[in-house]
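entry02.txt (compact mmCIF, C-alpha atoms) appears below.
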```
# COMPACT_ATOMS: atom_id res chain seq x y z
CA MET A 1 68.74 133.52 115.35
CA LYS A 2 69.06 133.88 119.13
CA SER A 3 72.40 134.72 120.65
CA ALA A 4 73.48 134.89 124.28
CA VAL A 5 76.60 136.80 125.35
CA ILE A 6 77.86 135.56 128.72
CA VAL A 7 79.07 138.29 131.05
CA PHE A 8 81.61 137.39 133.74
CA PRO A 9 83.03 139.74 136.38
CA GLY A 10 85.87 141.36 134.44
CA SER A 11 84.53 140.78 130.92
CA ASN A 12 85.08 143.97 128.94
CA ARG A 13 84.52 143.07 125.28
CA ASP A 14 80.87 142.09 125.69
CA GLY A 15 79.68 145.46 124.33
CA ASP A 16 81.83 145.02 121.20
CA ILE A 17 80.54 141.49 120.66
CA ILE A 18 76.94 142.65 121.02
CA ARG A 19 77.53 145.37 118.39
CA ALA A 20 79.16 142.86 116.04
CA ILE A 21 76.34 140.32 116.39
CA ARG A 22 73.79 143.06 115.75
CA ALA A 23 75.72 144.25 112.67
CA GLY A 24 76.47 140.80 111.29
CA THR A 25 73.29 138.88 112.01
CA GLY A 26 70.66 141.58 112.28
CA HIS A 27 69.49 140.10 115.56
CA GLU A 28 69.70 141.53 119.06
CA PRO A 29 71.63 139.26 121.45
CA ALA A 30 70.79 138.70 125.10
CA SER A 31 73.29 139.30 127.89
CA VAL A 32 73.47 136.42 130.36
CA TRP A 33 75.07 136.69 133.80
CA HIS A 34 77.64 134.02 134.69
CA ALA A 35 75.85 133.04 137.90
CA ASP A 36 72.70 132.02 136.02
CA HIS A 37 72.14 128.31 135.49
CA GLU A 38 70.25 128.40 132.20
CA LEU A 39 70.56 129.98 128.78
CA PRO A 40 67.50 131.81 127.39
CA ALA A 41 65.13 129.31 125.72
CA GLY A 42 65.97 128.74 122.07
CA THR A 43 69.54 130.05 122.23
CA ASP A 44 71.40 129.17 119.01
CA LEU A 45 74.74 130.86 119.62
CA VAL A 46 76.64 131.43 122.86
CA VAL A 47 79.50 133.93 122.88
CA LEU A 48 82.16 134.15 125.59
CA PRO A 49 83.63 137.63 125.22
CA GLY A 50 87.11 138.90 125.85
CA GLY A 51 88.35 140.71 128.92
CA PHE A 52 89.91 139.70 132.20
CA SER A 53 87.36 137.49 133.92
CA TYR A 54 88.12 137.28 137.65
CA GLY A 55 91.16 139.47 137.06
CA ASP A 56 92.96 136.53 135.39
CA TYR A 57 93.46 135.18 138.94
CA LEU A 58 94.79 131.61 139.29
CA ARG A 59 95.02 131.07 135.51
CA CYS A 60 93.33 133.04 132.72
CA GLY A 61 89.78 131.74 132.34
CA ALA A 62 90.15 129.15 135.11
CA ILE A 63 87.50 130.50 137.47
CA ALA A 64 85.09 131.59 134.73
CA GLY A 65 85.45 128.14 133.15
CA ARG A 66 83.80 126.70 136.26
CA ALA A 67 81.00 129.29 136.60
CA ASN A 68 77.39 128.13 137.00
CA ILE A 69 76.43 129.01 133.43
CA MET A 70 79.20 126.85 131.96
CA ASP A 71 77.26 123.63 132.58
CA ALA A 72 74.50 125.04 130.38
CA VAL A 73 77.09 126.11 127.78
CA ARG A 74 78.59 122.59 127.78
CA ALA A 75 75.12 121.06 127.33
CA HIS A 76 74.40 123.53 124.50
CA ALA A 77 77.66 122.57 122.74
CA ALA A 78 77.00 118.86 123.28
CA ARG A 79 73.73 119.09 121.35
CA GLY A 80 75.47 120.87 118.48
CA GLY A 81 74.80 124.48 119.49
CA LEU A 82 77.23 127.14 118.31
CA VAL A 83 79.77 128.54 120.79
CA LEU A 84 82.28 131.30 120.02
CA GLY A 85 85.00 132.27 122.50
CA VAL A 86 87.20 135.27 121.74
CA CYS A 87 90.45 136.03 123.59
CA ASN A 88 89.59 135.49 127.27
CA GLY A 89 86.59 133.57 125.90
CA PHE A 90 89.04 131.17 124.18
CA GLN A 91 90.93 130.82 127.46
CA ILE A 92 87.63 130.00 129.20
CA LEU A 93 86.82 127.38 126.52
CA VAL A 94 90.10 125.51 127.08
CA GLU A 95 89.80 125.79 130.87
CA SER A 96 86.24 124.45 130.77
CA GLY A 97 87.24 121.48 128.62
CA LEU A 98 85.17 122.56 125.61
CA LEU A 99 88.35 122.83 123.54
CA PRO A 100 91.64 120.94 124.02
CA GLY A 101 95.06 122.36 124.89
CA VAL A 102 96.05 125.41 126.92
CA LEU A 103 96.93 129.06 126.37
CA MET A 104 100.25 129.89 127.98
CA ARG A 105 102.01 133.18 128.60
CA ASN A 106 103.19 134.78 125.33
CA SER A 107 106.66 133.45 124.59
CA GLN A 108 108.19 136.93 124.63
CA LEU A 109 106.46 137.65 127.98
CA LYS A 110 104.78 140.80 126.71
CA PHE A 111 101.17 141.77 126.29
CA VAL A 112 100.71 142.30 122.54
CA CYS A 113 98.19 144.83 121.25
CA LYS A 114 98.34 145.41 117.50
CA MET A 115 96.84 144.61 114.14
CA GLN A 116 97.59 141.09 112.93
CA HIS A 117 97.09 139.16 109.70
CA LEU A 118 95.36 135.80 109.88
CA ARG A 119 94.93 133.07 107.31
CA VAL A 120 91.45 131.55 107.16
CA GLU A 121 92.21 127.83 107.06
CA ARG A 122 88.82 126.66 105.85
CA ALA A 123 85.64 128.37 104.69
CA ASP A 124 83.14 125.55 105.15
CA THR A 125 82.27 126.09 108.81
CA PRO A 126 79.40 127.96 110.47
CA PHE A 127 81.91 130.67 111.46
CA THR A 128 83.81 131.20 108.20
CA ASN A 129 81.48 130.53 105.25
CA ARG A 130 81.57 134.20 104.23
CA TYR A 131 85.35 134.03 103.83
CA THR A 132 87.32 131.99 101.29
CA THR A 133 89.81 129.26 102.17
CA GLY A 134 93.30 130.74 102.39
CA GLN A 135 91.95 134.30 102.58
CA VAL A 136 94.17 136.68 104.55
CA ILE A 137 92.31 139.00 106.90
CA GLU A 138 93.56 141.69 109.24
CA VAL A 139 92.11 141.99 112.72
CA ALA A 140 93.22 143.19 116.15
CA ILE A 141 94.97 141.13 118.79
CA ALA A 142 95.32 142.13 122.44
CA HIS A 143 96.49 139.47 124.86
CA GLY A 144 99.25 138.37 127.23
CA GLU A 145 98.40 134.66 127.28
CA GLY A 146 97.75 133.51 123.73
CA ASN A 147 100.54 131.00 123.29
CA TYR A 148 98.55 127.91 122.32
CA ILE A 149 100.03 124.53 123.13
CA ALA A 150 98.70 120.99 123.17
CA ASP A 151 100.23 117.59 123.80
CA ASP A 152 101.59 115.78 120.73
CA GLU A 153 98.57 113.55 120.31
CA THR A 154 96.08 116.44 120.51
CA ALA A 155 98.19 118.60 118.20
CA HIS A 156 98.38 115.81 115.64
CA GLN A 157 94.64 115.25 115.90
CA LEU A 158 93.83 118.96 115.44
CA GLU A 159 95.90 119.12 112.27
CA ALA A 160 94.72 115.75 110.91
CA GLU A 161 91.07 116.71 111.40
CA GLY A 162 91.53 120.19 109.93
CA ARG A 163 90.50 121.85 113.16
CA VAL A 164 92.81 124.86 112.96
CA ALA A 165 90.54 127.83 112.19
CA PHE A 166 93.09 130.62 111.77
CA ARG A 167 96.88 130.88 111.62
CA TYR A 168 98.94 133.99 112.27
CA CYS A 169 100.59 135.06 109.01
CA ASP A 170 101.97 138.06 107.14
CA ALA A 171 100.06 140.21 104.61
CA ASP A 172 100.78 137.63 101.91
CA GLY A 173 99.52 134.70 103.95
CA GLN A 174 103.00 133.34 104.71
CA ILE A 175 103.35 131.72 108.11
CA GLY A 176 106.56 131.49 110.13
CA SER A 177 108.07 132.57 113.41
CA ARG A 178 108.48 136.20 112.34
CA THR A 179 104.73 136.70 112.03
CA ASN A 180 103.78 134.68 115.10
CA PRO A 181 102.97 137.21 117.85
CA ASN A 182 102.96 134.90 120.86
CA GLY A 183 104.87 131.68 120.18
CA SER A 184 101.70 129.69 119.53
CA PHE A 185 102.28 126.13 118.31
CA ASN A 186 102.00 125.84 114.48
CA ASP A 187 101.02 129.56 114.37
CA ILE A 188 97.57 128.66 115.70
CA GLY A 189 95.28 131.64 116.29
CA GLY A 190 92.04 129.70 116.67
CA ILE A 191 90.71 126.13 116.77
CA TYR A 192 87.44 124.26 116.34
CA SER A 193 85.87 121.48 118.36
CA SER A 194 85.56 118.08 116.65
CA GLY A 195 82.02 118.98 115.57
CA PHE A 196 83.07 122.41 114.23
CA ASN A 197 80.34 124.03 116.33
CA VAL A 198 82.72 125.50 118.93
CA LEU A 199 85.36 128.05 117.87
CA GLY A 200 87.97 129.58 120.17
CA MET A 201 90.24 132.33 118.86
CA MET A 202 92.63 134.87 120.36
CA PRO A 203 92.14 137.66 117.76
CA HIS A 204 89.22 140.08 117.96
CA PRO A 205 87.00 139.97 114.85
CA GLU A 206 84.37 141.98 116.75
CA ASN A 207 86.61 145.03 116.67
CA LEU A 208 86.83 145.10 112.87
CA ILE A 209 83.25 145.55 111.74
CA ASP A 210 83.22 149.25 110.87
CA PRO A 211 85.40 151.19 108.38
CA LEU A 212 85.50 153.98 110.96
CA VAL A 213 87.80 151.93 113.19
CA GLY A 214 90.17 150.58 110.59
CA GLY A 215 88.48 147.81 108.64
CA THR A 216 85.67 145.31 108.30
CA ASP A 217 87.57 142.03 108.03
CA GLY A 218 85.86 140.71 111.16
CA LEU A 219 82.32 141.27 109.96
CA PRO A 220 82.05 138.18 107.68
CA LEU A 221 82.53 135.94 110.73
CA PHE A 222 79.32 137.28 112.23
CA GLN A 223 77.55 137.21 108.85
CA SER A 224 78.63 133.57 108.46
CA LEU A 225 76.86 132.64 111.68
CA VAL A 226 73.48 133.60 110.33
CA ALA A 227 74.12 132.67 106.67
CA ASP A 228 73.61 128.93 106.93
CA TRP A 229 72.06 128.84 110.36
CA LYS A 230 69.37 126.26 110.99
CA PRO A 231 67.39 125.96 114.21
CA LEU A 232 68.62 123.18 116.51
CA ALA A 233 66.41 120.14 116.83
CA ALA A 234 64.52 120.39 120.10
CA MET B 1 94.09 121.46 159.97
CA LYS B 2 96.52 123.22 157.71
CA ALA B 3 97.66 122.09 154.31
CA ARG B 4 99.94 123.25 151.56
CA VAL B 5 99.25 122.57 147.89
CA THR B 6 102.09 123.07 145.43
CA VAL B 7 101.34 123.34 141.73
CA THR B 8 104.20 123.09 139.26
CA LEU B 9 104.52 122.89 135.49
CA LYS B 10 105.06 119.42 134.10
CA THR B 11 108.49 118.58 132.76
CA GLY B 12 108.82 119.66 129.16
CA VAL B 13 106.25 122.45 129.35
CA LEU B 14 107.95 125.70 128.35
CA ASP B 15 108.02 128.16 131.26
CA PRO B 16 108.89 131.61 129.86
CA GLN B 17 108.49 133.24 133.29
CA GLY B 18 110.91 130.77 134.89
CA LYS B 19 113.36 131.42 132.05
CA ALA B 20 113.11 135.20 132.60
CA ILE B 21 113.74 134.79 136.34
CA GLU B 22 116.67 132.50 135.58
CA GLY B 23 118.15 135.21 133.32
CA ALA B 24 117.53 137.90 135.95
CA LEU B 25 119.33 135.88 138.63
CA ARG B 26 122.26 135.45 136.29
CA SER B 27 122.40 139.17 135.55
CA LEU B 28 122.31 139.89 139.31
CA GLY B 29 125.44 137.80 139.69
CA VAL B 30 123.74 134.93 141.53
CA ASP B 31 125.95 132.09 140.35
CA GLY B 32 125.36 128.36 140.27
CA VAL B 33 121.69 128.44 139.19
CA ASP B 34 121.13 125.85 136.50
CA SER B 35 117.44 126.46 135.85
CA VAL B 36 114.31 128.00 137.39
CA ARG B 37 110.72 126.75 137.08
CA GLN B 38 107.99 128.93 138.52
CA GLY B 39 105.03 127.40 140.35
CA LYS B 40 102.27 128.26 142.81
CA VAL B 41 101.76 127.55 146.52
CA PHE B 42 98.34 127.51 148.21
CA ASP B 43 98.14 127.51 152.02
CA ILE B 44 94.76 126.12 152.94
CA GLU B 45 93.00 125.80 156.29
CA LEU B 46 90.56 122.92 156.57
CA ALA B 47 87.69 122.24 158.92
CA GLY B 48 87.71 118.89 160.77
CA LYS B 49 90.48 116.60 161.96
CA ASP B 50 90.17 113.65 159.62
CA ARG B 51 93.40 113.46 157.66
CA ALA B 52 92.12 111.11 154.95
CA ALA B 53 89.04 113.27 154.39
CA ALA B 54 91.24 116.37 154.18
CA GLU B 55 93.46 114.73 151.60
CA ALA B 56 90.42 113.74 149.54
CA THR B 57 89.09 117.31 149.72
CA LEU B 58 92.41 118.74 148.59
CA GLN B 59 92.70 116.21 145.80
CA ALA B 60 89.27 117.29 144.54
CA ALA B 61 90.25 120.96 144.85
CA CYS B 62 93.33 120.37 142.71
CA GLU B 63 91.53 118.35 140.06
CA LYS B 64 88.58 120.75 139.84
CA LEU B 65 90.34 124.10 140.00
CA LEU B 66 93.80 124.60 141.48
CA ALA B 67 95.75 122.79 138.78
CA ASN B 68 95.27 122.54 135.02
CA THR B 69 96.32 118.92 134.76
CA VAL B 70 97.04 119.29 131.04
CA ILE B 71 100.21 121.20 131.92
CA GLU B 72 100.55 121.11 135.71
CA ASN B 73 101.34 118.63 138.47
CA TYR B 74 100.25 119.14 142.05
CA ARG B 75 101.41 117.96 145.46
CA VAL B 76 99.30 117.95 148.61
CA GLU B 77 100.86 118.11 152.10
CA ILE B 78 99.07 118.21 155.43
CA VAL B 79 101.29 120.47 157.51
CA GLY B 80 99.57 120.47 160.90
```
What's the structure tokens form of this structure?
Amino acid sequence: MKSAVIVFPGSNRDGDIIRAIRAGTGHEPASVWHADHELPAGTDLVVLPGGFSYGDYLRCGAIAGRANIMDAVRAHAARGGLVLGVCNGFQILVESGLLPGVLMRNSQLKFVCKMQHLRVERADTPFTNRYTTGQVIEVAIAHGEGNYIADDETAHQLEAEGRVAFRYCDADGQIGSRTNPNGSFNDIGGIYSSGFNVLGMMPHPENLIDPLVGGTDGLPLFQSLVADWKPLAA
Amino acid sequence: MKARVTVTLKTGVLDPQGKAIEGALRSLGVDGVDSVRQGKVFDIELAGKDRAAAEATLQAACEKLLANTVIENYRVEIVG
């Protein structure tokens, strides 16, 4: 399985993602510079890491979403290739049009950096097949703009098509405003594209892959990617 | 040629920053403020003298980058 981690000026979670891919899939990912026009031949998975691309200038992810490499990422997604965007990577996915909606300033106007429970909404996707549906996992969140909103039609469509990947919840899996860290609509922490091959999420599964740093609840996401992976048709 | 592009949040989109500024004005004793919405202003200098071409350029700039049209409106003014 070949992975490519895109590095933008201001990305700072690319090293964590590379470690997580190595640990979860057993394969060494390539780093790809944002100014490049092509992904390495045979790329199966593209990851947009977290950080502060372009210093969050204009809008988070806005400038990175229009970088040279994003045309290649869009083409990759269009032919069914896997794309994972974490935190700033999720912001880049919505700014580039690969996922619907927007990520607004957290409703309480504060950067939140803490551990957070998430409910895995479905376990039949390339990203979550090593979890179980309804499983509660605990991973890190660290963002100032994670308040997901979409227009009514899009929101309805996301729910009707089962495209919510994760919801913020408490340790028992209960959702509600008390456990929502950023005001996100319907407690949404991550969403899929209509083909379930693109996942954007605010939480950081890549930081929870080693018992040494507080848990391994993020590791199954990376193990899922390789578990039922099949090469893309040429 | 000089232009000003103003980008504002669409009506109905929650603006927590505007709300915070509104509250701060109230606590400073600035009375009579009903609501505050925060936006962005871009002052842009353009090559050439063709007004229609400049407006088309600015329109493209807004659609491609300056505004996220999911949540934002934009207004283009040629100012001189």
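Pairwise distance (atom CA of A:Arg19, atom CA of A:Ile141) equals 18.0 Å.
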Pick out the closest residue to A:Pro203 from this set: A:Ala227, A:Ala140, A:Val164, A:Cys113. Count only C-alpha atoms.
A:Ala140
With distances taken over only C-alpha atoms, which of A:Lys2, A:Arg22, A:His34, A:His76 is nearest to A:Ser53?
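The closest residue to A:Ser53 is A:His34.
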When you count only C-alpha atoms, which of these residues is closest to chain A: B:Asn68, B:Ser35, B:Thr57, B:Thr11?
B:Asn68
Starting from chain B, keep only residues with some atom at most 8 Å from an atom of chain A, counting only C-alpha atoms, and report them as a list in words.
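Result, ordered by chain then number: Pro16, Gln17, Leu65, Leu66, Asn68, Val70 and Ile71 of chain B.
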Could you work out how far atom CA of B:Thr69 lies from atom CA of B:Val7, giving the answer in Å with one decimal?
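Separating atom CA of B:Val7 from atom CA of B:Thr69 is a distance of 9.7 Å.
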Residues within 12 Å of (103.3, 111.6, 145.4), counting all atoms listed in the file, listed as number ranges by chain
B: 5-6, 59, 73-77
Counting all atoms listed in the file, give me one row per residue of stretch 108-128 of chain A with an atom at most 7 Å from an atom of stretch 215-224 of chain A, showing the shortest contact pair and its distance in Å to one decimal, sorted by chain then residue number, as a Markdown table.
```
| residue | atom | partner | partner_atom | distance |
| --- | --- | --- | --- | --- |
| A:Pro126 | CA | A:Ser224 | CA | 6.0 |
| A:Phe127 | CA | A:Ser224 | CA | 5.3 |
| A:Thr128 | CA | A:Leu221 | CA | 5.5 |
```
With stretch 175-197 of chain A as the partner and 10 Å as the cut-off, tabulate the residues of stretch 51-130 of chain A that qualify, each row holding the nearest pair of atoms and their distance in Å to one decimal, using all atoms listed in the file, sorted by chain and rising number, as CSV.
```
residue,atom,partner,partner_atom,distance
A:Ala77,CA,A:Asn197,CA,7.1
A:Ala78,CA,A:Gly195,CA,9.2
A:Arg79,CA,A:Asn197,CA,9.7
A:Gly80,CA,A:Asn197,CA,6.2
A:Gly81,CA,A:Asn197,CA,6.4
A:Leu82,CA,A:Asn197,CA,4.8
A:Val83,CA,A:Asn197,CA,6.4
A:Leu84,CA,A:Asn197,CA,8.4
A:Gly85,CA,A:Gly190,CA,9.5
A:Val86,CA,A:Gly190,CA,9.0
A:Cys87,CA,A:Gly190,CA,9.5
A:Phe90,CA,A:Gly190,CA,8.2
A:Leu98,CA,A:Ser193,CA,7.4
A:Leu99,CA,A:Ser193,CA,5.9
A:Pro100,CA,A:Ser193,CA,8.1
A:Gly101,CA,A:Ile191,CA,10.0
A:Leu103,CA,A:Ser184,CA,8.4
A:Met104,CA,A:Ser184,CA,8.6
A:Arg105,CA,A:Asn182,CA,8.0
A:Asn106,CA,A:Asn182,CA,4.5
A:Ser107,CA,A:Gly183,CA,5.1
A:Gln108,CA,A:Asn182,CA,6.8
A:Leu109,CA,A:Asn182,CA,8.4
A:Lys110,CA,A:Asn182,CA,8.5
A:Phe111,CA,A:Asn182,CA,8.9
A:Val112,CA,A:Pro181,CA,7.3
A:Cys113,CA,A:Pro181,CA,9.6
A:Lys114,CA,A:Pro181,CA,9.4
A:Gln116,CA,A:Pro181,CA,8.3
A:His117,CA,A:Thr179,CA,8.4
A:Leu118,CA,A:Gly189,CA,7.6
A:Arg119,CA,A:Ile175,CA,8.6
A:Val120,CA,A:Gly190,CA,9.7
A:Glu121,CA,A:Gly190,CA,9.8
A:Asp124,CA,A:Phe196,CA,9.6
A:Thr125,CA,A:Phe196,CA,6.6
A:Pro126,CA,A:Asn197,CA,7.1
A:Phe127,CA,A:Asn197,CA,8.4
```
